[in-house]
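Single-structure report; data block below.
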Amino acid sequence: MSQTREFCPRCGNPVEERSEPLPGAPRERDEVLCNACYFEGFDLVDAPDRVTVRVCANCGAVHRGNRWVDVGARDYTDVAVDAVSESLGVHLKARDVSWAVEPEQVDQNTIRMHCQFSGVVRDTYVEEEVVVPVYISRETCQRCGRIAGGYYASEIQVRAEGREPTPDEQARAVDIAEEFVAKREESGDRNAFITETKEVADGTDIKLSTNQLGQAVATRITRELGGSVDSYPTLVTEDSDGNEVYRVTYAVRLPRYTPGTIIDPDDGDGPVLVRSVKGNLKGTRLTTGDRYEARFEEGETPDARELGSVDDAAETTVVAVEDDHAVQVLDPETYQSKTIARPSYFDADAETVPVLKSRVGLHILPEDAVSGE
């Protein structure tokens with residue numbers, strides 16, 4: 001292939017011999033310059049005068065693009081390195097590029113980034129250093145702003161039918177909400193948060209950031225503690241597109257009875273120890289030890305009289321086992337011997353048993369229910 005000799009149009013010095021370009025092949029203007037002229041105004045790196053990193057002073061989130069991102073950092077050096085890396089441009093003609101960054105903390109909000117670059121251009125090894133100041137702009141992200149302003153889109157009202165929720169029930173309802181929200185936050189959902197939990201005269205109120213969150217938490221509360229939930233939407237405003245925005249109240253109504261309560265279904269078969277209220281009411285018949293179950297009709301608790309709870313149990317002495325269906329025990333109040341029903345869970349070798357005395361008589365309770373096992 002023929003060779004040609006060219007001269008630099010800027011300084012007039014001859015340039016190195018090179019193959020003649022193909023006919024019609026475009027050439028950049030600077031390609032005809034000699035190395036001295038080419039590198040005279042050459043920049044290996046294109047760097048901004050300053051980079052600003054927006055961070056939330058409350059939660060530490062970093063603003064990237066058009067959204068806030070949780071990075072879990074309080075030292076923003078790594079964040080500053082990433083921001084500078086994204087803002088730097090390396091010359092397209094450079095090959096075998098390597099670079100390193102050395103941060104210099106100037107003050108609490110300023111980090112000076114010393115960036116060293118090297119590469120090969122026109123078969124020539126070149127190096128360049130640029131210094132980019134990074135300013136940490138401390139702001140308040142939308143999420144923290146909403147929390148501080150008391151924003152909420154849904155409210156769960158935890159109540160109970162015919163009674164007040166127990167302290168354990170109220171605490172568990174809050175735990176369920178916190179656990180579910182924490183999982184949503186771990187998955188990257190920054191719209192998930194609890195605005196407020198508050199004990200009121202007849203239960204607990206939980207304010208949440210979205211309607212979807214309220215519905216999910218209310219469902220989980222009733223799934224674990226039993227009961228039902230009704231929703232009541234209220235129109236509060238319209239968004240920028242003219243769509244109606246609703247705030248929804250989720251009314252959670254826990255069952256009338258809790259596990260450990262003794263009730264009389266008034267069906268002639270004797271009292272029942274309530275074991276569970278999840279889904280249907282489930283329990284143990286105190287006269288026989290048989291399993292008992294009754295449906296909740298549209299959230300309503302089955303008709304029954306409350307006789308007491310396992311907390312009212314008293315330990316008494318077994319006098320004699322009469323047969324497979326009857327046993328004599330001492331009345332814990334009068335100390336008189338009484339013959340009562342012998343349930344299947346009764347231990348014939350037991351010297352004492354827990355009993356409940358109520359308006360319908362004296363009944364032996366399961367040991368596991370009294371001991372909490």
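Chain labels follow the order of the structure tokens: the first chain is A, the next B, and so on; residue numbering restarts at 1 in every chain, and ligands are counted from 1 in their shown order.
Neighbouring residues of A:Val32 at 9 Å or closer, counting only C-alpha atoms and skipping chain neighbours under 6 positions away, are Glu6, Phe7, Cys8, Pro9, Val15 and Tyr38 of chain A.
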All heavy atoms of the current selection, written as a PDB file, in the first residue's frame:
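Okay, again_23.pdb is ready:
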ATOM      1  N   GLU A   6       2.630  13.791   5.254  1.00  0.00           N
ATOM      2  CA  GLU A   6       1.768  14.927   5.532  1.00  0.00           C
ATOM      3  C   GLU A   6       2.457  15.869   6.500  1.00  0.00           C
ATOM      4  O   GLU A   6       3.374  15.483   7.228  1.00  0.00           O
ATOM      5  CB  GLU A   6       0.431  14.466   6.107  1.00  0.00           C
ATOM      6  CG  GLU A   6      -0.428  13.692   5.116  1.00  0.00           C
ATOM      7  CD  GLU A   6      -1.785  13.377   5.695  1.00  0.00           C
ATOM      8  OE1 GLU A   6      -1.994  13.662   6.896  1.00  0.00           O
ATOM      9  OE2 GLU A   6      -2.633  12.846   4.952  1.00  0.00           O
ATOM     10  N   PHE A   7       1.968  17.096   6.519  1.00  0.00           N
ATOM     11  CA  PHE A   7       2.503  18.112   7.410  1.00  0.00           C
ATOM     12  C   PHE A   7       1.383  18.634   8.295  1.00  0.00           C
ATOM     13  O   PHE A   7       0.229  18.728   7.872  1.00  0.00           O
ATOM     14  CB  PHE A   7       3.129  19.256   6.608  1.00  0.00           C
ATOM     15  CG  PHE A   7       4.325  18.834   5.821  1.00  0.00           C
ATOM     16  CD1 PHE A   7       4.176  18.367   4.520  1.00  0.00           C
ATOM     17  CD2 PHE A   7       5.598  18.877   6.375  1.00  0.00           C
ATOM     18  CE1 PHE A   7       5.281  17.955   3.783  1.00  0.00           C
ATOM     19  CE2 PHE A   7       6.699  18.469   5.638  1.00  0.00           C
ATOM     20  CZ  PHE A   7       6.541  18.002   4.335  1.00  0.00           C
ATOM     21  N   CYS A   8       1.748  18.973   9.529  1.00  0.00           N
ATOM     22  CA  CYS A   8       0.766  19.490  10.486  1.00  0.00           C
ATOM     23  C   CYS A   8       0.283  20.855  10.016  1.00  0.00           C
ATOM     24  O   CYS A   8       1.104  21.763   9.790  1.00  0.00           O
ATOM     25  CB  CYS A   8       1.399  19.585  11.868  1.00  0.00           C
ATOM     26  SG  CYS A   8       0.321  20.305  13.117  1.00  0.00           S
ATOM     27  N   PRO A   9      -1.025  21.033   9.857  1.00  0.00           N
ATOM     28  CA  PRO A   9      -1.533  22.316   9.384  1.00  0.00           C
ATOM     29  C   PRO A   9      -1.370  23.441  10.394  1.00  0.00           C
ATOM     30  O   PRO A   9      -1.517  24.614  10.064  1.00  0.00           O
ATOM     31  CB  PRO A   9      -3.005  22.028   9.104  1.00  0.00           C
ATOM     32  CG  PRO A   9      -3.342  20.900  10.016  1.00  0.00           C
ATOM     33  CD  PRO A   9      -2.108  20.065  10.101  1.00  0.00           C
ATOM     34  N   VAL A  15       4.271  15.089  10.010  1.00  0.00           N
ATOM     35  CA  VAL A  15       3.661  14.106  10.909  1.00  0.00           C
ATOM     36  C   VAL A  15       4.163  12.739  10.535  1.00  0.00           C
ATOM     37  O   VAL A  15       4.699  12.522   9.446  1.00  0.00           O
ATOM     38  CB  VAL A  15       2.113  14.165  10.824  1.00  0.00           C
ATOM     39  CG1 VAL A  15       1.613  15.521  11.265  1.00  0.00           C
ATOM     40  CG2 VAL A  15       1.631  13.832   9.423  1.00  0.00           C
ATOM     41  N   TYR A  38      -1.488  18.104  18.810  1.00  0.00           N
ATOM     42  CA  TYR A  38      -2.685  17.362  19.227  1.00  0.00           C
ATOM     43  C   TYR A  38      -2.822  17.362  20.743  1.00  0.00           C
ATOM     44  O   TYR A  38      -3.889  17.606  21.302  1.00  0.00           O
ATOM     45  CB  TYR A  38      -2.608  15.931  18.694  1.00  0.00           C
ATOM     46  CG  TYR A  38      -3.815  15.082  19.023  1.00  0.00           C
ATOM     47  CD1 TYR A  38      -4.960  15.140  18.252  1.00  0.00           C
ATOM     48  CD2 TYR A  38      -3.791  14.207  20.122  1.00  0.00           C
ATOM     49  CE1 TYR A  38      -6.068  14.359  18.553  1.00  0.00           C
ATOM     50  CE2 TYR A  38      -4.896  13.426  20.433  1.00  0.00           C
ATOM     51  CZ  TYR A  38      -6.027  13.507  19.644  1.00  0.00           C
ATOM     52  OH  TYR A  38      -7.122  12.746  19.941  1.00  0.00           O
TER      53      TYR A  38
END
Exercise for review: Might you pull out every residue within 10 Å of A:Gly308, with only C-alpha atoms counted and same-chain residues fewer than 2 positions away left off, and present them as number ranges by chain?
Suggested key: A: 260-264, 273, 305-306, 310-313, 356-359
Check your understanding: From the set A:Glu224, A:Tyr257, A:Val229, A:Thr210, which residue has the shortest atom-to-atom contact distance to A:Gly162, counting only C-alpha atoms?
Key ->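 Closest to A:Gly162 of all the choices is A:Tyr257.
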Study note, to complete from the structure: Judged by only C-alpha atoms, the minimum distance to A:Thr204 among A:Gly65, A:Pro165, A:Gly119, A:Gly227 is found for A:Pro165
Point to revise | Nearby residues (only C-alpha atoms) at most 10 Å from A:Ala320, same-chain spacing under 2 positions excluded, as a PyMOL selection string | key: chain A and resi 317-318+322-323+326-330+337-339+348+351
For the interface of stretch 201-280 of chain A with stretch 135-159 of chain A (cut-off 6 Å, counting only C-alpha atoms), please tabulate each contacting residue of stretch 201-280 of chain A alongside its nearest pair of atoms and their separation in Å to one decimal, rows sorted by chain and increasing number, as a Markdown table.
| residue | atom | partner | partner_atom | distance |
| --- | --- | --- | --- | --- |
| A:Gly203 | CA | A:Arg159 | CA | 5.1 |
| A:Thr204 | CA | A:Val158 | CA | 5.2 |
| A:Asp205 | CA | A:Gln157 | CA | 4.6 |
| A:Ile206 | CA | A:Ile156 | CA | 5.0 |
| A:Lys207 | CA | A:Glu155 | CA | 4.4 |
| A:Leu208 | CA | A:Ser154 | CA | 5.3 |
| A:Ser209 | CA | A:Tyr152 | CA | 4.6 |
| A:Thr210 | CA | A:Ala153 | CA | 4.8 |
| A:Asn211 | CA | A:Ser154 | CA | 5.0 |
| A:Gly214 | CA | A:Ser154 | CA | 5.5 |
| A:Arg247 | CA | A:Ala153 | CA | 4.9 |
| A:Val248 | CA | A:Ser154 | CA | 4.8 |
| A:Thr249 | CA | A:Glu155 | CA | 4.8 |
| A:Tyr250 | CA | A:Ile156 | CA | 4.7 |
| A:Ala251 | CA | A:Gln157 | CA | 5.0 |
| A:Val252 | CA | A:Val158 | CA | 4.9 |
| A:Arg253 | CA | A:Arg159 | CA | 4.9 |
Practice item. Pick out the residues sitting within 12 Å of A:Pro167, and hand them over as a list in words; count only C-alpha atoms, and ignore anything fewer than 3 positions along from it in its own chain. Key: Val158, Arg159, Ala160, Glu164, Gln170, Ala171, Arg172, Ala173, Val174, Glu199, Val200, Asp202, Gly203 and Thr204 of chain A
Next, the residues of the selection above should be written as a CSV table (one decimal), in the first residue's frame with all heavy atoms.
chain,number,residue,atom,x,y,z
A,158,VAL,N,-58.4,-0.6,66.1
A,158,VAL,CA,-58.5,-1.9,66.7
A,158,VAL,C,-59.4,-1.8,67.9
A,158,VAL,O,-59.2,-1.2,68.9
A,158,VAL,CB,-57.1,-2.4,67.2
A,158,VAL,CG1,-57.2,-3.8,67.7
A,158,VAL,CG2,-56.1,-2.4,66.0
A,159,ARG,N,-60.6,-2.5,67.7
A,159,ARG,CA,-61.6,-2.5,68.8
A,159,ARG,C,-62.0,-4.0,69.0
A,159,ARG,O,-61.5,-4.9,68.3
A,159,ARG,CB,-62.8,-1.7,68.3
A,159,ARG,CG,-62.5,-0.3,67.9
A,159,ARG,CD,-62.1,0.5,69.1
A,159,ARG,NE,-61.9,2.0,68.8
A,159,ARG,CZ,-60.8,2.5,68.3
A,159,ARG,NH1,-59.7,1.8,68.2
A,159,ARG,NH2,-60.7,3.8,68.0
A,160,ALA,N,-62.9,-4.2,69.9
A,160,ALA,CA,-63.4,-5.6,70.2
A,160,ALA,C,-64.9,-5.6,70.4
A,160,ALA,O,-65.4,-4.6,70.9
A,160,ALA,CB,-62.6,-6.2,71.4
A,164,GLU,N,-63.2,-4.3,75.7
A,164,GLU,CA,-62.0,-3.6,75.2
A,164,GLU,C,-60.9,-4.6,74.9
A,164,GLU,O,-60.8,-5.6,75.5
A,164,GLU,CB,-61.5,-2.6,76.3
A,164,GLU,CG,-62.4,-1.5,76.6
A,164,GLU,CD,-61.8,-0.5,77.6
A,164,GLU,OE1,-60.6,-0.7,78.0
A,164,GLU,OE2,-62.5,0.4,78.1
A,170,GLN,N,-53.6,-5.4,71.9
A,170,GLN,CA,-53.3,-4.1,71.4
A,170,GLN,C,-51.8,-4.1,71.0
A,170,GLN,O,-51.4,-3.6,69.9
A,170,GLN,CB,-53.6,-3.0,72.3
A,170,GLN,CG,-55.1,-2.9,72.6
A,170,GLN,CD,-55.5,-1.7,73.5
A,170,GLN,OE1,-55.2,-0.6,73.2
A,170,GLN,NE2,-56.0,-2.0,74.7
A,171,ALA,N,-51.0,-4.6,71.9
A,171,ALA,CA,-49.5,-4.6,71.6
A,171,ALA,C,-49.2,-5.5,70.4
A,171,ALA,O,-48.4,-5.2,69.6
A,171,ALA,CB,-48.8,-5.1,72.9
A,172,ARG,N,-49.9,-6.6,70.3
A,172,ARG,CA,-49.7,-7.5,69.2
A,172,ARG,C,-50.1,-6.9,67.9
A,172,ARG,O,-49.4,-7.0,66.8
A,172,ARG,CB,-50.4,-8.8,69.4
A,172,ARG,CG,-50.1,-9.9,68.3
A,172,ARG,CD,-48.6,-10.1,68.1
A,172,ARG,NE,-48.3,-10.9,66.9
A,172,ARG,CZ,-47.2,-10.7,66.2
A,172,ARG,NH1,-46.3,-9.9,66.6
A,172,ARG,NH2,-47.0,-11.5,65.1
A,173,ALA,N,-51.2,-6.1,67.9
A,173,ALA,CA,-51.7,-5.5,66.7
A,173,ALA,C,-50.6,-4.5,66.2
A,173,ALA,O,-50.3,-4.4,65.0
A,173,ALA,CB,-53.0,-4.8,66.9
A,174,VAL,N,-50.0,-3.7,67.1
A,174,VAL,CA,-49.0,-2.8,66.7
A,174,VAL,C,-47.7,-3.5,66.2
A,174,VAL,O,-47.1,-3.1,65.2
A,174,VAL,CB,-48.6,-1.9,67.9
A,174,VAL,CG1,-47.4,-1.0,67.6
A,174,VAL,CG2,-49.8,-1.0,68.3
A,199,GLU,N,-52.9,4.7,71.8
A,199,GLU,CA,-54.0,4.1,72.6
A,199,GLU,C,-55.1,5.0,72.9
A,199,GLU,O,-54.8,6.2,73.3
A,199,GLU,CB,-53.4,3.5,73.9
A,199,GLU,CG,-52.4,2.4,73.7
A,199,GLU,CD,-52.0,1.7,75.0
A,199,GLU,OE1,-52.7,2.0,76.0
A,199,GLU,OE2,-51.0,1.0,75.0
A,200,VAL,N,-56.3,4.6,72.6
A,200,VAL,CA,-57.5,5.4,72.9
A,200,VAL,C,-58.3,4.7,73.9
A,200,VAL,O,-58.0,3.6,74.4
A,200,VAL,CB,-58.3,5.7,71.6
A,200,VAL,CG1,-57.5,6.6,70.7
A,200,VAL,CG2,-58.7,4.4,70.9
A,202,ASP,N,-61.0,3.0,73.9
A,202,ASP,CA,-61.6,1.6,73.6
A,202,ASP,C,-60.7,0.8,72.7
A,202,ASP,O,-61.2,-0.1,72.1
A,202,ASP,CB,-63.0,1.7,73.1
A,202,ASP,CG,-63.1,2.7,71.9
A,202,ASP,OD1,-62.0,3.3,71.6
A,202,ASP,OD2,-64.1,2.8,71.2
A,203,GLY,N,-59.4,1.1,72.6
A,203,GLY,CA,-58.6,0.3,71.7
A,203,GLY,C,-57.3,1.0,71.3
A,203,GLY,O,-56.8,1.9,72.1
A,204,THR,N,-56.9,0.8,70.1
A,204,THR,CA,-55.6,1.4,69.6
A,204,THR,C,-55.9,1.8,68.2
A,204,THR,O,-56.5,1.1,67.4
A,204,THR,CB,-54.5,0.3,69.6
A,204,THR,OG1,-54.1,0.1,71.0
A,204,THR,CG2,-53.2,0.9,68.9
Practice item. Would you return as an MDAnalysis selection string the members of stretch 68-308 of chain A that DSSP assigns to helix (DSSP H, G or I) on this structure's backbone? Key: chainID A and resid 77:87 142:148 167:186 211:225
What does the file look like for those residues with C-alpha atoms, as a short mmCIF file (atom, residue, chain, number, x, y, z; two decimals), in the first residue's frame?
data_model
loop_
_atom_site.label_atom_id
_atom_site.label_comp_id
_atom_site.auth_asym_id
_atom_site.auth_seq_id
_atom_site.Cartn_x
_atom_site.Cartn_y
_atom_site.Cartn_z
CA THR A 77 -17.47 9.42 50.99
CA ASP A 78 -18.46 6.36 48.95
CA VAL A 79 -21.56 8.18 47.74
CA ALA A 80 -19.38 11.12 46.67
CA VAL A 81 -17.02 8.77 44.81
CA ASP A 82 -19.95 7.25 42.91
CA ALA A 83 -21.37 10.68 42.08
CA VAL A 84 -18.03 11.93 40.73
CA SER A 85 -17.50 8.71 38.76
CA GLU A 86 -20.84 9.15 37.03
CA SER A 87 -20.07 12.78 36.17
CA GLN A 142 -40.40 13.46 50.81
CA ARG A 143 -40.85 10.50 53.13
CA CYS A 144 -39.38 12.23 56.18
CA GLY A 145 -41.30 15.38 55.32
CA ARG A 146 -44.55 13.44 55.30
CA ILE A 147 -43.76 11.72 58.58
CA ALA A 148 -42.86 15.02 60.24
CA PRO A 167 -53.20 -5.00 76.43
CA ASP A 168 -51.64 -8.06 74.79
CA GLU A 169 -53.98 -7.80 71.81
CA GLN A 170 -53.27 -4.12 71.36
CA ALA A 171 -49.52 -4.63 71.63
CA ARG A 172 -49.66 -7.52 69.17
CA ALA A 173 -51.66 -5.45 66.67
CA VAL A 174 -48.97 -2.77 66.74
CA ASP A 175 -46.24 -5.42 66.41
CA ILE A 176 -47.97 -6.87 63.34
CA ALA A 177 -48.08 -3.41 61.75
CA GLU A 178 -44.42 -2.69 62.57
CA GLU A 179 -43.23 -6.07 61.31
CA PHE A 180 -45.09 -5.76 58.02
CA VAL A 181 -43.94 -2.18 57.41
CA ALA A 182 -40.34 -3.17 58.22
CA LYS A 183 -40.50 -5.88 55.54
CA ARG A 184 -41.86 -3.37 53.03
CA GLU A 185 -39.04 -0.97 53.89
CA GLU A 186 -36.43 -3.73 53.52
CA ASN A 211 -54.36 2.61 51.79
CA GLN A 212 -52.81 -0.62 50.53
CA LEU A 213 -50.67 -0.78 53.66
CA GLY A 214 -53.70 -0.26 55.90
CA GLN A 215 -55.66 -3.02 54.20
CA ALA A 216 -52.76 -5.47 54.36
CA VAL A 217 -52.06 -4.82 58.05
CA ALA A 218 -55.75 -4.97 59.04
CA THR A 219 -56.08 -8.32 57.25
CA ARG A 220 -53.05 -9.69 59.07
CA ILE A 221 -54.36 -8.54 62.46
CA THR A 222 -57.69 -10.35 62.01
CA ARG A 223 -55.93 -13.37 60.55
CA GLU A 224 -53.89 -13.76 63.75
CA LEU A 225 -56.20 -12.36 66.43
#
Review point. Do you have the atom CA of A:His363-atom CA of A:Pro255 distance handy?
Key: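 Taking atom CA of A:His363 and atom CA of A:Pro255, their separation equals 24.1 Å.
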Review point. What is the atom CA of A:Pro259-atom CA of A:Gly283 distance in Å, reported with one decimal?
Key: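 Between atom CA of A:Pro259 and atom CA of A:Gly283 the gap works out to 8.4 Å.
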Practice item. With a distance cut-off of 10 Å and only C-alpha atoms, select the neighbouring residues of A:Trp68, excluding the residue or stretch itself and same-chain residues fewer than 6 positions from it, and output the selection as JSON, numbers by chain. Key: {"A": [54, 55, 56, 60, 61, 62, 141, 142, 143, 190]}
Can I get the selection written as a PDB file, in the first residue's frame, with N, CA, C and O atoms?
ATOM      1  N   ARG A  54     -27.338  15.373  47.004  1.00  0.00           N
ATOM      2  CA  ARG A  54     -28.458  15.692  47.889  1.00  0.00           C
ATOM      3  C   ARG A  54     -28.722  14.517  48.819  1.00  0.00           C
ATOM      4  O   ARG A  54     -28.971  13.397  48.357  1.00  0.00           O
ATOM      5  N   VAL A  55     -28.660  14.768  50.112  1.00  0.00           N
ATOM      6  CA  VAL A  55     -28.898  13.710  51.088  1.00  0.00           C
ATOM      7  C   VAL A  55     -29.951  14.188  52.084  1.00  0.00           C
ATOM      8  O   VAL A  55     -30.095  15.384  52.336  1.00  0.00           O
ATOM      9  N   CYS A  56     -30.696  13.223  52.626  1.00  0.00           N
ATOM     10  CA  CYS A  56     -31.705  13.554  53.643  1.00  0.00           C
ATOM     11  C   CYS A  56     -31.029  13.606  55.008  1.00  0.00           C
ATOM     12  O   CYS A  56     -30.410  12.625  55.440  1.00  0.00           O
ATOM     13  N   GLY A  60     -30.867   9.754  55.940  1.00  0.00           N
ATOM     14  CA  GLY A  60     -29.636   9.422  55.234  1.00  0.00           C
ATOM     15  C   GLY A  60     -29.822   8.991  53.800  1.00  0.00           C
ATOM     16  O   GLY A  60     -28.852   8.590  53.146  1.00  0.00           O
ATOM     17  N   ALA A  61     -31.049   9.056  53.269  1.00  0.00           N
ATOM     18  CA  ALA A  61     -31.287   8.678  51.874  1.00  0.00           C
ATOM     19  C   ALA A  61     -30.583   9.658  50.940  1.00  0.00           C
ATOM     20  O   ALA A  61     -30.345  10.814  51.287  1.00  0.00           O
ATOM     21  N   VAL A  62     -30.260   9.178  49.741  1.00  0.00           N
ATOM     22  CA  VAL A  62     -29.575   9.983  48.731  1.00  0.00           C
ATOM     23  C   VAL A  62     -30.498  10.168  47.533  1.00  0.00           C
ATOM     24  O   VAL A  62     -31.154   9.225  47.100  1.00  0.00           O
ATOM     25  N   CYS A 141     -36.080  14.506  52.736  1.00  0.00           N
ATOM     26  CA  CYS A 141     -36.720  13.760  51.654  1.00  0.00           C
ATOM     27  C   CYS A 141     -38.240  13.804  51.833  1.00  0.00           C
ATOM     28  O   CYS A 141     -38.764  14.163  52.892  1.00  0.00           O
ATOM     29  N   GLN A 142     -38.933  13.414  50.781  1.00  0.00           N
ATOM     30  CA  GLN A 142     -40.396  13.464  50.807  1.00  0.00           C
ATOM     31  C   GLN A 142     -40.966  12.587  51.916  1.00  0.00           C
ATOM     32  O   GLN A 142     -41.918  12.961  52.602  1.00  0.00           O
ATOM     33  N   ARG A 143     -40.350  11.419  52.109  1.00  0.00           N
ATOM     34  CA  ARG A 143     -40.853  10.496  53.125  1.00  0.00           C
ATOM     35  C   ARG A 143     -40.746  11.105  54.518  1.00  0.00           C
ATOM     36  O   ARG A 143     -41.711  11.100  55.291  1.00  0.00           O
ATOM     37  N   ARG A 190     -40.172   2.961  49.912  1.00  0.00           N
ATOM     38  CA  ARG A 190     -40.003   4.150  50.745  1.00  0.00           C
ATOM     39  C   ARG A 190     -41.339   4.815  51.061  1.00  0.00           C
ATOM     40  O   ARG A 190     -41.400   5.771  51.836  1.00  0.00           O
TER      41      ARG A 190
END
Review point. Restricting the calculation to only C-alpha atoms, which member of A:Glu16, A:Glu128, A:Asp123, A:Asp70 is positioned closest to A:Asp46?
Key: A:Glu128
